[in-house]
Structure formats: structure tokens, C-alpha cells
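The block underneath contains the structure these notes are about, expressed in C-alpha cells.
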Amino acid sequence: MSAEATKHARQLLLKEYRGVLSTHSQAMPGFPFGSVVPYCLDAEGWPLILISRIAQHTRNLKADGRCSLLVGERAAADVQAAGRLTLLAEARQLSEAADIEAAAQRYYRYFPESRDYHRVHDFDFWRLEPVRWRYIGGFGAIHWLDRVALANPFAAGDGAAERGMVEHMNDDHAPAIARYVAQAGLPGAEPAQMTGIDSEGFHLRIGQALHWLPFAEPCETPLAVRQALVAMARG
């Protein structure tokens with residue numbers, strides 16, 4: 001297994017926040033059924049989706065949880081030369097109250113508009129548990145990956161460590177966040193909000209778009225994260 005391919009596959013899943021979910025069609029047996037879904041990653045680093053009970057892909061998953069999520073680099077000039085990932089997975093609906101609450105807290109940070117339709121309409125959280133990865137990093141760079149570590153050490157348990165860092169940055173360090181936006185050349189017309197922190201970087205939400213910015217080095221403790229954020233703010 002290529003360590004470099006594993007790293008790029010992991011980072012692609014972090015950088016993007018929507019993909020094509022392919023399920024086994026119940027209406028047309030034998031045919032795959034593709035639909036676009038937004039996602040964020042849970043504490044295990046597995047894609048978390050919120051889907052309607054009446055949607056066709058939900059009906060398909062209830063009958064057969066085997067699926068795939070195709071993720072590609074957004075706005076790629078040449079899609080065949082850009083990185084893309086097909087994540088083969090088993091989809092499982094969250095049913096325990098504690099799991100649903102943890103998923104909701106996390107998902108709402110990434111997609112605030114989802115709070116209303118989750119509570120008012122019949123939407124449920126599902127987790128895509130990876131089975132195998134197919135990563136293509138460009139022409140000829142093709143890899144099957146069996147294990148890609150994605151667990152977020154700061155989201156473990158009730159996620160208090162990550163949540164505390166995110167709230168602190170949003171409440172007390174808006175100028176630093178604005179500097180991250182400027183340094184990365186991201187759109188600055190709307191104020192950015194930090195939505196999540198993992199060991200390799202952090203997510204910012206600007207309007208309805210999400211952007212992942214990497215740390216210079218992986219961070220395994222909140223102190224290391226603080227030092228990395230300070231260093232980035234200083235430029």
C-alpha cells in the first residue's frame with residue numbers, strides 16, 4: 001500500500017463535503033442508482049449523511065446497505081487528471097439516541113440549515129462504514145486501499161475537546177480566522193466560522209461552502225493544535 005496514496009485519499013475525503021452516493025436500485029433491479037449527498041466525517045472519520053426517509057436512495061439502503069461514495073476534487077479543470085476517491089462502504093442508520101445526538105451536534109456545525117429539516121421532516125442519520133477505497137491521484141496513479149486511518153482524536157467520546165476548541169476560536173479569535181481565510185486565498189465576502197478540527201487540519205465554513213486547511217504537521221493534543229493555529233495566524 002502506498003503511504004502517499006493513503007495520505008492523499010484521506011485528505012481528499014477531508015477537503016470535500018459532497019459526493020455521489022451509489023446504491024442498489026430497488027425500482028430497477030440490477031442497476032446502480034446515483035444521487036448527490038453532502039457529508040461530514042464522524043469521530044471515526046467515517047462519512048456521516050442525513051437523508052430523507054422517502055428518498056429513493058434511502059429505500060435502496062434499507063434493502064441493501066452496500067454502497068459507494070464517489071468524491072472528486074471540486075472545480076478541477078481536468079477531472080481525469082484530478083484526484084478522486086470511490087469509497088466502498090456499508091451504510092448503517094443510527095438508531096441509538098446518544099449516537100443520533102452526537103451526529104446531530106456535529107452535522108449541524110457543518111450544515112446549519114439541516115437543523116430545521118432534520119427536526120421538522122423525516123430525515124435520519126446514516127454512517128458509511130468503509131470496506132475498501134479506490135483512489136486515483138491522476139493518470140496512472142491508481143490504488144486500492146484496504147485501511148485508511150481517519151479517526152479524529154478530538155471528536156472521541158462526547159466530542160467535548162473538539163467542540164471546545166471550535167467554540168473558543170469562533171468566540172474569541174475571529175481576526176485569526178479571517179487571517180487563515182486571506183492566507184489561503186478563500187472567498188472573504190462573508191465571515192468564516194470554524195466547524196471542526198482534526199489532527200491534520202481544520203474546517204472553515206464560508207457561506208454554505210466548506211474548506212479544509214491543513215496544519216504544517218499533524219497535531220495529537222489540544223496544545224499542539226493551539227500552537228499550530230497561533231503559528232498559522234502569525235504567518
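Labels for the C-alpha cells follow display order: chains A, B, ..., residues from 1 in each chain, ligands from 1.
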Restrict the calculation to only C-alpha atoms, then for each residue of stretch 90-164 of chain A with any atom at most 8 Å from an atom of stretch 40-49 of chain A give the closest atom pair and their distance in Å to one decimal, rows by chain and rising residue number, as a tab-separated table.
residue	atom	partner	partner_atom	distance
A:Ala103	CA	A:Asp42	CA	7.2
A:Arg106	CA	A:Asp42	CA	7.5
A:Tyr107	CA	A:Cys40	CA	6.6
A:Tyr110	CA	A:Cys40	CA	7.0
A:Phe125	CA	A:Ile49	CA	5.7
A:Trp126	CA	A:Ile49	CA	5.3
A:Arg127	CA	A:Leu48	CA	4.7
A:Leu128	CA	A:Pro47	CA	5.4
A:Glu129	CA	A:Trp46	CA	6.0
A:Pro130	CA	A:Trp46	CA	7.1
A:Ala149	CA	A:Gly45	CA	7.7
A:Leu150	CA	A:Gly45	CA	4.4
A:Ala151	CA	A:Glu44	CA	4.1
A:Asn152	CA	A:Ala43	CA	5.2
A:Pro153	CA	A:Ala43	CA	7.4
A:Phe154	CA	A:Ala43	CA	7.9
A:Ala155	CA	A:Ala43	CA	4.9
A:Ala156	CA	A:Ala43	CA	5.6
A:Gly159	CA	A:Ala43	CA	7.7
Residues as selected, all heavy atoms, written as a compact mmCIF listing (two decimals), in the first residue's frame, can you do that?
# COMPACT_ATOMS: atom_id res chain seq x y z
N ALA A 103 -24.28 12.80 16.44
CA ALA A 103 -24.24 13.06 15.00
C ALA A 103 -24.87 14.41 14.68
O ALA A 103 -24.35 15.17 13.86
CB ALA A 103 -24.98 11.95 14.25
N ARG A 106 -22.65 17.41 15.55
CA ARG A 106 -21.54 17.55 14.60
C ARG A 106 -22.04 18.03 13.23
O ARG A 106 -21.48 18.95 12.65
CB ARG A 106 -20.83 16.21 14.47
CG ARG A 106 -19.61 16.27 13.60
CD ARG A 106 -18.75 15.03 13.73
NE ARG A 106 -17.47 15.28 13.08
CZ ARG A 106 -16.47 15.94 13.64
NH1 ARG A 106 -16.61 16.43 14.86
NH2 ARG A 106 -15.34 16.14 12.99
N TYR A 107 -23.09 17.40 12.74
CA TYR A 107 -23.59 17.72 11.40
C TYR A 107 -24.12 19.15 11.33
O TYR A 107 -23.92 19.84 10.32
CB TYR A 107 -24.69 16.72 11.04
CG TYR A 107 -25.00 16.64 9.57
CD1 TYR A 107 -24.31 15.77 8.73
CD2 TYR A 107 -26.02 17.42 9.01
CE1 TYR A 107 -24.62 15.68 7.37
CE2 TYR A 107 -26.33 17.34 7.66
CZ TYR A 107 -25.62 16.47 6.85
OH TYR A 107 -25.92 16.39 5.50
N TYR A 110 -21.51 21.75 10.55
CA TYR A 110 -21.08 21.79 9.16
C TYR A 110 -22.19 22.29 8.23
O TYR A 110 -21.92 23.00 7.26
CB TYR A 110 -20.63 20.39 8.71
CG TYR A 110 -19.26 20.02 9.23
CD1 TYR A 110 -19.10 19.54 10.53
CD2 TYR A 110 -18.14 20.14 8.44
CE1 TYR A 110 -17.85 19.20 11.02
CE2 TYR A 110 -16.88 19.81 8.91
CZ TYR A 110 -16.74 19.34 10.20
OH TYR A 110 -15.49 19.01 10.68
N PHE A 125 -29.99 10.05 10.26
CA PHE A 125 -28.55 9.99 10.07
C PHE A 125 -28.13 8.57 9.71
O PHE A 125 -28.58 7.60 10.33
CB PHE A 125 -27.82 10.44 11.34
CG PHE A 125 -27.86 11.92 11.57
CD1 PHE A 125 -28.65 12.46 12.57
CD2 PHE A 125 -27.11 12.78 10.77
CE1 PHE A 125 -28.70 13.83 12.77
CE2 PHE A 125 -27.15 14.15 10.97
CZ PHE A 125 -27.96 14.68 11.98
N TRP A 126 -27.25 8.49 8.74
CA TRP A 126 -26.64 7.22 8.34
C TRP A 126 -25.13 7.40 8.34
O TRP A 126 -24.62 8.49 8.04
CB TRP A 126 -27.09 6.81 6.94
CG TRP A 126 -28.52 6.37 6.83
CD1 TRP A 126 -29.63 7.15 6.98
CD2 TRP A 126 -28.99 5.06 6.53
NE1 TRP A 126 -30.77 6.41 6.78
CE2 TRP A 126 -30.41 5.12 6.51
CE3 TRP A 126 -28.36 3.84 6.26
CZ2 TRP A 126 -31.19 4.00 6.23
CZ3 TRP A 126 -29.14 2.73 5.98
CH2 TRP A 126 -30.54 2.81 5.98
N ARG A 127 -24.43 6.32 8.66
CA ARG A 127 -22.97 6.33 8.64
C ARG A 127 -22.49 5.36 7.58
O ARG A 127 -22.98 4.24 7.49
CB ARG A 127 -22.44 5.93 10.02
CG ARG A 127 -20.93 5.96 10.14
CD ARG A 127 -20.50 5.81 11.57
NE ARG A 127 -20.90 4.54 12.14
CZ ARG A 127 -20.77 4.23 13.42
NH1 ARG A 127 -20.31 5.13 14.27
NH2 ARG A 127 -21.12 3.05 13.85
N LEU A 128 -21.51 5.79 6.80
CA LEU A 128 -20.93 4.93 5.76
C LEU A 128 -19.64 4.34 6.32
O LEU A 128 -18.64 5.03 6.50
CB LEU A 128 -20.64 5.74 4.49
CG LEU A 128 -21.82 6.53 3.90
CD1 LEU A 128 -21.41 7.17 2.58
CD2 LEU A 128 -23.05 5.65 3.71
N GLU A 129 -19.67 3.04 6.62
CA GLU A 129 -18.53 2.36 7.22
C GLU A 129 -17.67 1.76 6.12
O GLU A 129 -18.09 0.83 5.43
CB GLU A 129 -19.03 1.29 8.19
CG GLU A 129 -19.90 1.87 9.30
CD GLU A 129 -20.41 0.84 10.28
OE1 GLU A 129 -20.06 -0.36 10.12
OE2 GLU A 129 -21.14 1.22 11.22
N PRO A 130 -16.46 2.28 5.94
CA PRO A 130 -15.63 1.88 4.80
C PRO A 130 -15.28 0.40 4.79
O PRO A 130 -14.99 -0.21 5.83
CB PRO A 130 -14.36 2.73 4.97
CG PRO A 130 -14.79 3.90 5.80
CD PRO A 130 -15.83 3.35 6.73
N ALA A 149 -6.60 5.18 8.03
CA ALA A 149 -6.92 5.68 9.37
C ALA A 149 -7.45 7.10 9.29
O ALA A 149 -6.80 7.99 8.74
CB ALA A 149 -5.68 5.63 10.25
N LEU A 150 -8.63 7.31 9.84
CA LEU A 150 -9.26 8.63 9.77
C LEU A 150 -9.78 9.11 11.12
O LEU A 150 -10.33 10.19 11.21
CB LEU A 150 -10.44 8.60 8.78
CG LEU A 150 -10.13 8.91 7.33
CD1 LEU A 150 -11.34 8.61 6.47
CD2 LEU A 150 -9.72 10.36 7.15
N ALA A 151 -9.65 8.29 12.16
CA ALA A 151 -10.25 8.65 13.45
C ALA A 151 -9.75 10.01 13.93
O ALA A 151 -8.56 10.33 13.82
CB ALA A 151 -9.93 7.58 14.48
N ASN A 152 -10.67 10.81 14.45
CA ASN A 152 -10.37 12.14 14.95
C ASN A 152 -10.20 12.07 16.46
O ASN A 152 -11.19 11.87 17.18
CB ASN A 152 -11.50 13.10 14.57
CG ASN A 152 -11.22 14.53 14.97
OD1 ASN A 152 -10.34 14.80 15.77
ND2 ASN A 152 -11.99 15.45 14.42
N PRO A 153 -8.98 12.25 16.99
CA PRO A 153 -8.79 12.10 18.44
C PRO A 153 -9.54 13.14 19.26
O PRO A 153 -9.84 12.90 20.43
CB PRO A 153 -7.27 12.27 18.60
CG PRO A 153 -6.84 13.06 17.41
CD PRO A 153 -7.74 12.61 16.30
N PHE A 154 -9.86 14.27 18.65
CA PHE A 154 -10.52 15.34 19.39
C PHE A 154 -12.05 15.20 19.40
O PHE A 154 -12.73 15.89 20.14
CB PHE A 154 -10.13 16.71 18.82
CG PHE A 154 -8.65 16.87 18.69
CD1 PHE A 154 -8.06 17.14 17.46
CD2 PHE A 154 -7.82 16.72 19.79
CE1 PHE A 154 -6.68 17.27 17.34
CE2 PHE A 154 -6.45 16.85 19.68
CZ PHE A 154 -5.88 17.13 18.45
N ALA A 155 -12.57 14.31 18.55
CA ALA A 155 -14.01 14.09 18.49
C ALA A 155 -14.43 12.85 19.24
O ALA A 155 -15.62 12.51 19.26
CB ALA A 155 -14.46 13.99 17.03
N ALA A 156 -13.48 12.18 19.88
CA ALA A 156 -13.80 10.94 20.60
C ALA A 156 -14.72 11.23 21.79
O ALA A 156 -14.78 12.35 22.29
CB ALA A 156 -12.51 10.28 21.08
N GLY A 159 -17.07 14.35 22.18
CA GLY A 159 -16.57 15.39 21.28
C GLY A 159 -16.27 16.71 21.96
O GLY A 159 -16.10 17.73 21.27
Item to complete: as a PyMOL selection string, please: all residues of chain A that backbone DSSP puts in strand (DSSP E).
Response: chain A and resi 18-24+32-38+40-41+47-52+66-72+84-93+123-136+142-145+192-197+201-206+209-214
Please write the residues from the selection above to a file, keeping C-alpha atoms, as an mmCIF file, in the first residue's frame.
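As written to disk, selection.cif reads:
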data_model
loop_
_atom_site.group_PDB
_atom_site.id
_atom_site.type_symbol
_atom_site.label_atom_id
_atom_site.label_comp_id
_atom_site.auth_asym_id
_atom_site.auth_seq_id
_atom_site.Cartn_x
_atom_site.Cartn_y
_atom_site.Cartn_z
ATOM 1 C CA ARG A 18 -20.278 16.260 -1.014
ATOM 2 C CA GLY A 19 -20.178 13.272 -3.285
ATOM 3 C CA VAL A 20 -22.189 10.867 -5.404
ATOM 4 C CA LEU A 21 -23.819 8.125 -3.340
ATOM 5 C CA SER A 22 -24.464 4.995 -5.415
ATOM 6 C CA THR A 23 -26.958 2.454 -4.103
ATOM 7 C CA HIS A 24 -28.590 -0.732 -5.418
ATOM 8 C CA PRO A 32 -26.897 1.357 -9.694
ATOM 9 C CA PHE A 33 -28.685 4.491 -8.511
ATOM 10 C CA GLY A 34 -26.616 7.660 -8.028
ATOM 11 C CA SER A 35 -27.536 10.725 -6.012
ATOM 12 C CA VAL A 36 -25.627 13.722 -4.660
ATOM 13 C CA VAL A 37 -25.284 13.961 -0.873
ATOM 14 C CA PRO A 38 -23.412 16.293 1.480
ATOM 15 C CA CYS A 40 -19.100 15.362 7.138
ATOM 16 C CA LEU A 41 -16.853 12.916 8.977
ATOM 17 C CA PRO A 47 -18.820 9.826 6.283
ATOM 18 C CA LEU A 48 -21.993 10.896 8.039
ATOM 19 C CA ILE A 49 -25.036 11.684 5.899
ATOM 20 C CA LEU A 50 -28.545 12.950 6.663
ATOM 21 C CA ILE A 51 -31.152 11.621 4.241
ATOM 22 C CA SER A 52 -34.925 11.640 3.886
ATOM 23 C CA ARG A 66 -23.784 -1.895 0.327
ATOM 24 C CA CYS A 67 -22.969 1.360 -1.440
ATOM 25 C CA SER A 68 -20.207 3.624 -2.654
ATOM 26 C CA LEU A 69 -19.406 7.306 -2.282
ATOM 27 C CA LEU A 70 -17.552 8.987 -5.151
ATOM 28 C CA VAL A 71 -15.650 12.134 -4.170
ATOM 29 C CA GLY A 72 -13.637 14.276 -6.558
ATOM 30 C CA ARG A 84 -10.879 11.171 -6.969
ATOM 31 C CA LEU A 85 -11.928 8.562 -4.485
ATOM 32 C CA THR A 86 -14.519 5.803 -4.574
ATOM 33 C CA LEU A 87 -15.280 4.674 -1.042
ATOM 34 C CA LEU A 88 -16.944 1.250 -0.906
ATOM 35 C CA ALA A 89 -18.949 1.055 2.301
ATOM 36 C CA GLU A 90 -21.704 -0.494 4.361
ATOM 37 C CA ALA A 91 -24.366 2.096 5.219
ATOM 38 C CA ARG A 92 -25.909 1.855 8.682
ATOM 39 C CA GLN A 93 -28.709 4.017 10.050
ATOM 40 C CA PHE A 123 -34.678 12.694 7.935
ATOM 41 C CA ASP A 124 -32.297 10.213 9.564
ATOM 42 C CA PHE A 125 -28.553 9.989 10.066
ATOM 43 C CA TRP A 126 -26.643 7.222 8.341
ATOM 44 C CA ARG A 127 -22.972 6.331 8.643
ATOM 45 C CA LEU A 128 -20.931 4.934 5.765
ATOM 46 C CA GLU A 129 -18.532 2.360 7.225
ATOM 47 C CA PRO A 130 -15.631 1.880 4.797
ATOM 48 C CA VAL A 131 -14.871 -1.537 3.369
ATOM 49 C CA ARG A 132 -12.319 -0.608 0.692
ATOM 50 C CA TRP A 133 -11.019 2.506 -1.042
ATOM 51 C CA ARG A 134 -10.217 3.107 -4.702
ATOM 52 C CA TYR A 135 -8.062 6.217 -5.025
ATOM 53 C CA ILE A 136 -6.893 7.704 -8.311
ATOM 54 C CA ILE A 142 -4.388 4.099 -9.263
ATOM 55 C CA HIS A 143 -4.530 2.437 -5.859
ATOM 56 C CA TRP A 144 -6.738 0.005 -3.955
ATOM 57 C CA LEU A 145 -6.532 0.824 -0.241
ATOM 58 C CA ALA A 192 -15.874 32.429 8.190
ATOM 59 C CA GLN A 193 -16.752 30.089 11.034
ATOM 60 C CA MET A 194 -14.630 27.193 12.197
ATOM 61 C CA THR A 195 -16.675 23.991 12.141
ATOM 62 C CA GLY A 196 -14.262 21.210 13.006
ATOM 63 C CA ILE A 197 -10.698 20.338 13.996
ATOM 64 C CA GLY A 201 -6.143 20.454 9.963
ATOM 65 C CA PHE A 202 -9.452 22.246 10.393
ATOM 66 C CA HIS A 203 -12.643 23.096 8.521
ATOM 67 C CA LEU A 204 -13.968 26.585 7.877
ATOM 68 C CA ARG A 205 -17.494 27.335 6.667
ATOM 69 C CA ILE A 206 -17.881 30.407 4.461
ATOM 70 C CA ALA A 209 -19.170 26.210 1.337
ATOM 71 C CA LEU A 210 -16.711 24.235 3.459
ATOM 72 C CA HIS A 211 -12.938 24.441 3.209
ATOM 73 C CA TRP A 212 -10.306 22.290 4.913
ATOM 74 C CA LEU A 213 -6.927 23.833 5.730
ATOM 75 C CA PRO A 214 -4.011 21.595 6.773
#
Item to complete: From a DSSP pass on the backbone, collect the residues of stretch 5-218 of chain A flagged as alpha helix (DSSP H) and hand them back as a ChimeraX atom specification.
Response: /A:5-15,56-63,97-110,114-120,160-172,174-184
Discussion item. As an exercise, work out the distance from atom CA of A:Leu223 to atom CA of A:Arg163 in Å and give it to one decimal place.
Written reply: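 Atom-to-atom, atom CA of A:Leu223 and atom CA of A:Arg163 are spaced 14.6 Å apart.
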Worksheet entry | Residue nearest A:Thr221 - candidates A:Ala82, A:Ala161, A:Ala75, A:Ala3, atoms counted: only C-alpha atoms |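 Among the listed residues, the smallest separation from A:Thr221 belongs to A:Ala161.
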Worksheet, complete the sentence: As a check of understanding: the span from atom CA of A:Ala233 to atom CA of A:Gln11 is 21.8 Å
